[in-house]
Structure formats: C-alpha cells, structure tokens
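Here is query09.txt, consisting of compact mmCIF, N, CA and C atoms:
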```txt
# COMPACT_ATOMS: atom_id res chain seq x y z
N VAL A 1 81.26 135.24 106.64
CA VAL A 1 81.92 134.76 107.83
C VAL A 1 83.32 134.26 107.47
N GLY A 2 83.42 133.49 106.38
CA GLY A 2 84.71 132.96 105.98
C GLY A 2 85.68 134.06 105.59
N GLY A 3 85.18 135.06 104.88
CA GLY A 3 86.03 136.18 104.49
C GLY A 3 86.54 136.94 105.69
N ALA A 4 85.67 137.12 106.68
CA ALA A 4 86.08 137.83 107.90
C ALA A 4 87.14 137.04 108.66
N MET A 5 86.97 135.72 108.73
CA MET A 5 87.97 134.89 109.42
C MET A 5 89.30 134.93 108.68
N ASN A 6 89.25 134.90 107.36
CA ASN A 6 90.48 134.95 106.58
C ASN A 6 91.18 136.30 106.77
N PHE A 7 90.40 137.39 106.77
CA PHE A 7 90.98 138.72 107.01
C PHE A 7 91.62 138.78 108.39
N LEU A 8 90.90 138.31 109.42
CA LEU A 8 91.44 138.35 110.78
C LEU A 8 92.72 137.53 110.90
N HIS A 9 92.78 136.42 110.20
CA HIS A 9 94.00 135.61 110.22
C HIS A 9 95.19 136.44 109.74
N TYR A 10 95.06 137.04 108.58
CA TYR A 10 96.18 137.80 108.03
C TYR A 10 96.47 139.07 108.84
N TYR A 11 95.44 139.71 109.36
CA TYR A 11 95.64 140.92 110.16
C TYR A 11 96.47 140.60 111.40
N PHE A 12 96.04 139.59 112.16
CA PHE A 12 96.75 139.24 113.39
C PHE A 12 98.14 138.66 113.09
N LEU A 13 98.28 137.95 111.98
CA LEU A 13 99.59 137.42 111.63
C LEU A 13 100.57 138.55 111.32
N LEU A 14 100.11 139.56 110.59
CA LEU A 14 100.98 140.70 110.31
C LEU A 14 101.31 141.47 111.58
N LYS A 15 100.35 141.60 112.48
CA LYS A 15 100.62 142.26 113.77
C LYS A 15 101.65 141.46 114.58
N ALA A 16 101.59 140.14 114.50
CA ALA A 16 102.56 139.31 115.22
C ALA A 16 103.96 139.51 114.67
N PHE A 17 104.09 139.69 113.36
CA PHE A 17 105.42 139.91 112.77
C PHE A 17 106.03 141.24 113.20
N GLU A 18 105.21 142.15 113.71
CA GLU A 18 105.75 143.41 114.23
C GLU A 18 106.51 143.20 115.53
N GLY A 19 106.24 142.09 116.23
CA GLY A 19 106.84 141.90 117.54
C GLY A 19 107.85 140.78 117.66
N ALA A 20 108.04 140.01 116.59
CA ALA A 20 108.98 138.89 116.70
C ALA A 20 109.56 138.58 115.32
N PRO A 21 110.78 138.06 115.29
CA PRO A 21 111.38 137.68 114.00
C PRO A 21 110.71 136.41 113.45
N SER A 22 110.87 136.19 112.17
CA SER A 22 110.23 135.04 111.53
C SER A 22 110.76 133.72 112.06
N THR A 23 111.99 133.68 112.53
CA THR A 23 112.54 132.44 113.07
C THR A 23 111.86 132.01 114.36
N VAL A 24 111.22 132.95 115.04
CA VAL A 24 110.45 132.64 116.25
C VAL A 24 108.99 132.45 115.90
N LEU A 25 108.48 133.29 115.01
CA LEU A 25 107.05 133.31 114.74
C LEU A 25 106.58 132.16 113.85
N LEU A 26 107.30 131.82 112.81
CA LEU A 26 106.84 130.79 111.89
C LEU A 26 106.67 129.43 112.54
N PRO A 27 107.61 128.97 113.39
CA PRO A 27 107.32 127.70 114.08
C PRO A 27 106.12 127.80 115.02
N LEU A 28 105.94 128.97 115.61
CA LEU A 28 104.81 129.15 116.53
C LEU A 28 103.48 129.03 115.81
N VAL A 29 103.37 129.55 114.61
CA VAL A 29 102.09 129.48 113.91
C VAL A 29 101.80 128.07 113.41
N GLN A 30 102.80 127.20 113.40
CA GLN A 30 102.54 125.82 113.03
C GLN A 30 101.73 125.10 114.11
N VAL A 31 101.66 125.69 115.27
CA VAL A 31 100.87 125.12 116.37
C VAL A 31 99.38 125.21 116.05
N ALA A 32 99.04 125.91 114.98
CA ALA A 32 97.63 126.07 114.61
C ALA A 32 96.93 124.75 114.43
N SER A 33 97.63 123.75 113.91
CA SER A 33 96.95 122.49 113.71
C SER A 33 96.51 121.88 115.02
N VAL A 34 97.15 122.26 116.11
CA VAL A 34 96.70 121.77 117.41
C VAL A 34 95.33 122.38 117.74
N SER A 35 95.13 123.66 117.43
CA SER A 35 93.82 124.26 117.68
C SER A 35 92.76 123.68 116.75
N VAL A 36 93.14 123.38 115.51
CA VAL A 36 92.21 122.73 114.59
C VAL A 36 91.89 121.33 115.09
N LEU A 37 92.88 120.66 115.69
CA LEU A 37 92.65 119.33 116.27
C LEU A 37 91.55 119.39 117.32
N LEU A 38 91.61 120.42 118.18
CA LEU A 38 90.58 120.54 119.22
C LEU A 38 89.21 120.79 118.61
N GLY A 39 89.16 121.63 117.59
CA GLY A 39 87.88 121.88 116.91
C GLY A 39 87.34 120.65 116.21
N SER A 40 88.23 119.91 115.56
CA SER A 40 87.78 118.70 114.86
C SER A 40 87.36 117.62 115.86
N ALA A 41 87.93 117.67 117.07
CA ALA A 41 87.53 116.72 118.10
C ALA A 41 86.07 116.92 118.47
N VAL A 42 85.66 118.17 118.58
CA VAL A 42 84.26 118.47 118.91
C VAL A 42 83.35 117.97 117.79
N ILE A 43 83.74 118.24 116.55
CA ILE A 43 82.93 117.80 115.41
C ILE A 43 82.85 116.27 115.37
N SER A 44 83.97 115.60 115.62
CA SER A 44 83.98 114.13 115.62
C SER A 44 83.08 113.57 116.71
N MET A 45 83.11 114.19 117.88
CA MET A 45 82.25 113.70 118.97
C MET A 45 80.78 113.90 118.62
N LEU A 46 80.45 115.03 118.00
CA LEU A 46 79.05 115.26 117.61
C LEU A 46 78.58 114.28 116.55
N ARG A 47 79.49 113.84 115.69
CA ARG A 47 79.15 112.90 114.62
C ARG A 47 79.38 111.45 115.04
N HIS A 48 79.81 111.22 116.27
CA HIS A 48 80.10 109.87 116.79
C HIS A 48 81.10 109.15 115.89
N GLU A 49 82.19 109.84 115.55
CA GLU A 49 83.25 109.29 114.72
C GLU A 49 84.52 109.14 115.54
N THR A 50 85.46 108.37 115.01
CA THR A 50 86.76 108.22 115.65
C THR A 50 87.46 109.57 115.66
N TRP A 51 88.04 109.92 116.81
CA TRP A 51 88.64 111.24 116.92
C TRP A 51 90.09 111.25 116.51
N ILE A 52 90.94 110.51 117.21
CA ILE A 52 92.37 110.59 116.94
C ILE A 52 93.03 109.26 117.30
N THR A 53 94.01 108.90 116.51
CA THR A 53 94.77 107.67 116.79
C THR A 53 95.98 108.04 117.65
N PRO A 54 96.58 107.07 118.31
CA PRO A 54 97.78 107.37 119.11
C PRO A 54 98.92 107.95 118.26
N THR A 55 99.05 107.50 117.03
CA THR A 55 100.10 108.04 116.15
C THR A 55 99.86 109.51 115.88
N HIS A 56 98.60 109.88 115.64
CA HIS A 56 98.29 111.29 115.41
C HIS A 56 98.51 112.12 116.67
N ALA A 57 98.18 111.56 117.82
CA ALA A 57 98.40 112.28 119.08
C ALA A 57 99.89 112.56 119.29
N LEU A 58 100.74 111.58 118.99
CA LEU A 58 102.18 111.78 119.10
C LEU A 58 102.65 112.86 118.13
N ALA A 59 102.15 112.81 116.90
CA ALA A 59 102.54 113.81 115.89
C ALA A 59 102.14 115.21 116.33
N TYR A 60 100.92 115.37 116.84
CA TYR A 60 100.48 116.69 117.30
C TYR A 60 101.29 117.16 118.50
N SER A 61 101.67 116.25 119.38
CA SER A 61 102.50 116.62 120.54
C SER A 61 103.87 117.12 120.08
N LEU A 62 104.46 116.42 119.13
CA LEU A 62 105.77 116.84 118.61
C LEU A 62 105.67 118.18 117.88
N MET A 63 104.57 118.38 117.14
CA MET A 63 104.39 119.66 116.45
C MET A 63 104.23 120.80 117.45
N PHE A 64 103.52 120.55 118.53
CA PHE A 64 103.33 121.58 119.54
C PHE A 64 104.65 121.95 120.20
N VAL A 65 105.40 120.95 120.62
CA VAL A 65 106.68 121.21 121.29
C VAL A 65 107.64 121.90 120.33
N GLY A 66 107.73 121.41 119.11
CA GLY A 66 108.63 122.02 118.13
C GLY A 66 108.22 123.42 117.75
N GLY A 67 106.94 123.71 117.79
CA GLY A 67 106.47 125.04 117.44
C GLY A 67 106.70 126.08 118.52
N VAL A 68 106.62 125.66 119.79
CA VAL A 68 106.76 126.64 120.86
C VAL A 68 108.19 126.79 121.37
N LEU A 69 109.06 125.84 121.07
CA LEU A 69 110.43 125.94 121.57
C LEU A 69 111.14 127.24 121.19
N PRO A 70 111.12 127.66 119.91
CA PRO A 70 111.79 128.93 119.59
C PRO A 70 111.15 130.14 120.28
N ALA A 71 109.82 130.11 120.45
CA ALA A 71 109.13 131.24 121.06
C ALA A 71 109.42 131.37 122.54
N CYS A 72 109.73 130.25 123.20
CA CYS A 72 110.02 130.32 124.64
C CYS A 72 111.50 130.16 124.92
N GLY A 73 112.32 130.39 123.92
CA GLY A 73 113.76 130.38 124.11
C GLY A 73 114.33 129.01 124.47
N GLY A 74 113.65 127.95 124.08
CA GLY A 74 114.14 126.61 124.36
C GLY A 74 113.78 126.08 125.73
N HIS A 75 113.07 126.86 126.52
CA HIS A 75 112.70 126.45 127.88
C HIS A 75 111.19 126.28 127.95
N LEU A 76 110.73 125.03 127.93
CA LEU A 76 109.30 124.78 127.97
C LEU A 76 108.64 125.27 129.26
N ALA A 77 109.42 125.43 130.32
CA ALA A 77 108.88 125.95 131.57
C ALA A 77 108.36 127.37 131.42
N ALA A 78 108.85 128.09 130.40
CA ALA A 78 108.37 129.45 130.15
C ALA A 78 106.89 129.46 129.79
N LEU A 79 106.37 128.32 129.29
CA LEU A 79 104.94 128.25 128.96
C LEU A 79 104.07 128.37 130.20
N LEU A 80 104.64 128.07 131.35
CA LEU A 80 103.88 128.15 132.60
C LEU A 80 103.85 129.56 133.18
N GLN A 81 104.63 130.46 132.60
CA GLN A 81 104.69 131.83 133.09
C GLN A 81 103.67 132.71 132.37
N PRO A 82 102.89 133.47 133.09
CA PRO A 82 101.92 134.37 132.45
C PRO A 82 102.58 135.41 131.54
N THR A 83 103.83 135.75 131.83
CA THR A 83 104.50 136.75 130.99
C THR A 83 104.70 136.25 129.56
N PHE A 84 104.86 134.95 129.39
CA PHE A 84 104.99 134.40 128.03
C PHE A 84 103.72 134.65 127.24
N TRP A 85 102.58 134.37 127.84
CA TRP A 85 101.30 134.47 127.14
C TRP A 85 100.86 135.91 126.95
N ARG A 86 101.43 136.84 127.73
CA ARG A 86 101.07 138.26 127.60
C ARG A 86 101.86 138.98 126.50
N GLN A 87 102.83 138.33 125.92
CA GLN A 87 103.60 138.97 124.85
C GLN A 87 102.67 139.21 123.66
N ALA A 88 102.76 140.38 123.08
CA ALA A 88 101.85 140.75 121.99
C ALA A 88 101.95 139.80 120.81
N PHE A 89 103.16 139.40 120.44
CA PHE A 89 103.29 138.53 119.27
C PHE A 89 102.70 137.14 119.52
N VAL A 90 102.74 136.66 120.75
CA VAL A 90 102.15 135.36 121.07
C VAL A 90 100.63 135.45 120.97
N MET A 91 100.06 136.49 121.55
CA MET A 91 98.61 136.64 121.49
C MET A 91 98.13 136.83 120.05
N CYS A 92 98.85 137.63 119.27
CA CYS A 92 98.46 137.84 117.87
C CYS A 92 98.58 136.55 117.07
N ALA A 93 99.62 135.77 117.32
CA ALA A 93 99.78 134.50 116.61
C ALA A 93 98.66 133.54 116.96
N ILE A 94 98.28 133.50 118.23
CA ILE A 94 97.18 132.62 118.66
C ILE A 94 95.87 133.06 118.00
N LEU A 95 95.59 134.36 118.01
CA LEU A 95 94.36 134.85 117.39
C LEU A 95 94.34 134.61 115.89
N ALA A 96 95.50 134.79 115.24
CA ALA A 96 95.58 134.56 113.80
C ALA A 96 95.28 133.10 113.46
N GLU A 97 95.87 132.20 114.22
CA GLU A 97 95.67 130.79 113.92
C GLU A 97 94.30 130.30 114.35
N PHE A 98 93.72 130.91 115.37
CA PHE A 98 92.36 130.58 115.76
C PHE A 98 91.39 130.97 114.65
N ALA A 99 91.59 132.15 114.06
CA ALA A 99 90.73 132.59 112.96
C ALA A 99 90.88 131.67 111.76
N LEU A 100 92.11 131.26 111.45
CA LEU A 100 92.33 130.34 110.34
C LEU A 100 91.70 128.98 110.64
N GLY A 101 91.81 128.53 111.87
CA GLY A 101 91.19 127.26 112.26
C GLY A 101 89.68 127.30 112.11
N LEU A 102 89.05 128.41 112.49
CA LEU A 102 87.60 128.55 112.31
C LEU A 102 87.23 128.50 110.84
N HIS A 103 88.01 129.18 110.01
CA HIS A 103 87.76 129.16 108.57
C HIS A 103 87.89 127.73 108.03
N ASP A 104 88.92 127.02 108.44
CA ASP A 104 89.12 125.65 107.96
C ASP A 104 88.03 124.71 108.45
N LEU A 105 87.59 124.88 109.69
CA LEU A 105 86.50 124.04 110.19
C LEU A 105 85.21 124.35 109.45
N MET A 106 84.99 125.62 109.12
CA MET A 106 83.80 125.97 108.35
C MET A 106 83.87 125.33 106.97
N LEU A 107 85.02 125.37 106.35
CA LEU A 107 85.21 124.74 105.04
C LEU A 107 84.94 123.25 105.14
N SER A 108 85.48 122.61 106.16
CA SER A 108 85.28 121.18 106.34
C SER A 108 83.81 120.85 106.59
N GLY A 109 83.15 121.65 107.40
CA GLY A 109 81.74 121.42 107.70
C GLY A 109 80.85 121.57 106.48
N CYS A 110 81.19 122.49 105.60
CA CYS A 110 80.38 122.70 104.39
C CYS A 110 80.70 121.68 103.30
N ALA A 111 81.92 121.17 103.29
CA ALA A 111 82.34 120.30 102.19
C ALA A 111 82.22 118.82 102.52
N TYR A 112 82.18 118.47 103.80
CA TYR A 112 82.21 117.07 104.19
C TYR A 112 80.82 116.55 104.49
N HIS A 113 80.49 115.45 103.87
CA HIS A 113 79.26 114.72 104.18
C HIS A 113 79.60 113.24 104.15
N SER A 114 79.17 112.52 105.18
CA SER A 114 79.42 111.08 105.16
C SER A 114 78.48 110.43 104.16
N GLY A 115 78.80 109.25 103.74
CA GLY A 115 77.99 108.54 102.76
C GLY A 115 76.57 108.31 103.24
N ALA A 116 76.39 108.11 104.55
CA ALA A 116 75.06 107.86 105.08
C ALA A 116 74.19 109.10 105.03
N ALA A 117 74.78 110.27 105.11
CA ALA A 117 74.01 111.50 105.14
C ALA A 117 73.66 112.01 103.75
N SER A 118 74.12 111.32 102.71
CA SER A 118 73.93 111.87 101.37
C SER A 118 72.57 111.58 100.79
N GLY A 119 71.75 110.79 101.50
CA GLY A 119 70.43 110.48 100.97
C GLY A 119 70.57 109.47 99.83
N GLY A 120 69.50 109.29 99.09
CA GLY A 120 69.54 108.34 97.97
C GLY A 120 70.16 108.98 96.75
N THR A 121 70.68 108.13 95.90
CA THR A 121 71.21 108.60 94.63
C THR A 121 70.60 107.80 93.52
N ALA A 122 70.43 108.45 92.40
CA ALA A 122 69.92 107.76 91.22
C ALA A 122 71.01 106.86 90.66
N ALA A 123 70.63 105.93 89.81
CA ALA A 123 71.60 105.01 89.24
C ALA A 123 72.66 105.74 88.43
N ASP A 124 72.29 106.85 87.80
CA ASP A 124 73.27 107.59 87.00
C ASP A 124 74.06 108.59 87.82
N GLY A 125 73.77 108.71 89.12
CA GLY A 125 74.52 109.61 89.98
C GLY A 125 74.08 111.06 89.89
N SER A 126 72.95 111.34 89.24
CA SER A 126 72.53 112.73 89.06
C SER A 126 72.17 113.40 90.38
N ALA A 127 71.61 112.68 91.32
CA ALA A 127 71.29 113.27 92.62
C ALA A 127 72.56 113.67 93.35
N ALA A 128 73.59 112.83 93.24
CA ALA A 128 74.87 113.16 93.89
C ALA A 128 75.49 114.40 93.26
N ALA A 129 75.38 114.53 91.95
CA ALA A 129 75.93 115.71 91.28
C ALA A 129 75.19 116.97 91.69
N ASP A 130 73.86 116.88 91.81
CA ASP A 130 73.07 118.04 92.23
C ASP A 130 73.44 118.45 93.65
N GLU A 131 73.62 117.46 94.54
CA GLU A 131 73.98 117.76 95.93
C GLU A 131 75.37 118.38 96.00
N SER A 132 76.29 117.87 95.19
CA SER A 132 77.64 118.41 95.17
C SER A 132 77.65 119.86 94.72
N ASP A 133 76.84 120.17 93.71
CA ASP A 133 76.74 121.55 93.23
C ASP A 133 76.18 122.46 94.31
N SER A 134 75.16 122.00 95.03
CA SER A 134 74.58 122.84 96.07
C SER A 134 75.54 123.01 97.24
N ASP A 135 76.33 121.96 97.55
CA ASP A 135 77.32 122.07 98.62
C ASP A 135 78.40 123.09 98.26
N SER A 136 78.85 123.07 97.01
CA SER A 136 79.86 124.03 96.58
C SER A 136 79.30 125.45 96.65
N TYR A 137 78.07 125.61 96.23
CA TYR A 137 77.44 126.93 96.29
C TYR A 137 77.27 127.37 97.73
N GLU A 138 76.87 126.44 98.61
CA GLU A 138 76.69 126.77 100.03
C GLU A 138 78.01 127.25 100.64
N TYR A 139 79.11 126.54 100.35
CA TYR A 139 80.39 126.97 100.88
C TYR A 139 80.78 128.33 100.32
N PHE A 140 80.56 128.54 99.02
CA PHE A 140 80.89 129.81 98.40
C PHE A 140 80.15 130.95 99.10
N VAL A 141 78.87 130.78 99.35
CA VAL A 141 78.07 131.83 99.99
C VAL A 141 78.55 132.07 101.42
N TRP A 142 78.68 131.00 102.21
CA TRP A 142 79.07 131.18 103.62
C TRP A 142 80.47 131.70 103.78
N SER A 143 81.36 131.36 102.86
CA SER A 143 82.73 131.82 103.00
C SER A 143 82.89 133.28 102.58
N ARG A 144 81.92 133.84 101.90
CA ARG A 144 82.02 135.22 101.44
C ARG A 144 81.22 136.22 102.28
N ILE A 145 80.39 135.70 103.16
CA ILE A 145 79.56 136.58 103.98
C ILE A 145 80.39 137.15 105.11
```

Re-express the file's structure as structure tokens.
Amino acid sequence: VGGAMNFLHYYFLLKAFEGAPSTVLLPLVQVASVSVLLGSAVISMLRHETWITPTHALAYSLMFVGGVLPACGGHLAALLQPTFWRQAFVMCAILAEFALGLHDLMLSGCAYHSGAASGGTAADGSAAADESDSDSYEYFVWSRI
C-alpha cells in the first residue's frame, strides 16, 4: 500500500509538471500539509487527543494562502471558480499530495504509539525493544505491499 501511494505521488507530480512551470507548481504542492492536517485531525479525534493549537492553525492558513497564490495568479477569488479546479496541473498536484499524505499518515499510524498503549515493560526494557522491532517490521511490510 505504501509503495503504491509513493508511486502515485511521483506519477501525479510529474504529470502536474507537464502543465505548469515550477514557479507555480512548487508552492502549490506545499499545500499538502493542509491535507495531512485534515487526516491527522481525524486520527486525533479517534484517539481523543489535542488536535491543533491556534498558532498551528495560523501557520497552516498562511501556508495555504502562500501556496495557492502563484497558482491562481495572485487572485484568491479564482479559487471560487470551477475553471481553476479543472486545470489538469491543479488536479494532478492535489492527487499527488493526497497520495503522499496517505503514505505519511500510514507511516505515522504504524510508528506512533502512546505510552499508555505500549503495555507493560520489563525493568530492563526488553519488552519495549521487542515491540519496537515488531513495529518497524510492521511498517516495512505495510509500506511495501
């Protein structure tokens, strides 16, 4: 699954470069963290954890505006037009970053465990080491399927 998401990311990113110059496309793909933010919000809600601070919300807003300004020619009102979203390079950039976001969320889900979910550990930490090894192996398997 991870390998497929990684492939799709690069495939759609290369397709996007066929339709727009890098000065337009590279800031647009930085908007990917906004899509990862939405995915991590779902995970945080499921885990009953804090989602986002006001400082982070401001940072994500600035990243979004800064990322889309070159793609819409400096006019944010263009985002409200369906013709903006129908451009091939915009759709390819969105799909590329969505695939990368899925890969990153999968990585986070396989690698992250809160202290409460780790179960008991022996005094020498051997149980923690065994769990860490199995988590690494689990991520390796899922990212290659």

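One distance worth recording is that between atom N of Met106 (chain A) and CA of Tyr10 (chain A), which is 16.6 Å.
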
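Rounded to one decimal, atom N of Ala96 (chain A) and atom C of His56 (chain A) lie 22.9 Å from each other.
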
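Between CA of Val31 (chain A) and atom N of Ala88 (chain A) lies a distance of 16.8 Å.
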
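By only C-alpha atoms, and with residues fewer than 3 positions from Ala57 (chain A) along its chain excluded, the set lying at most 12 Å from it is Ser33, Val34, Leu37, Leu38, Ala41, Trp51, Ile52, Thr53, Pro54, Tyr60, Ser61, Leu62, Met63 and Phe64 of chain A.
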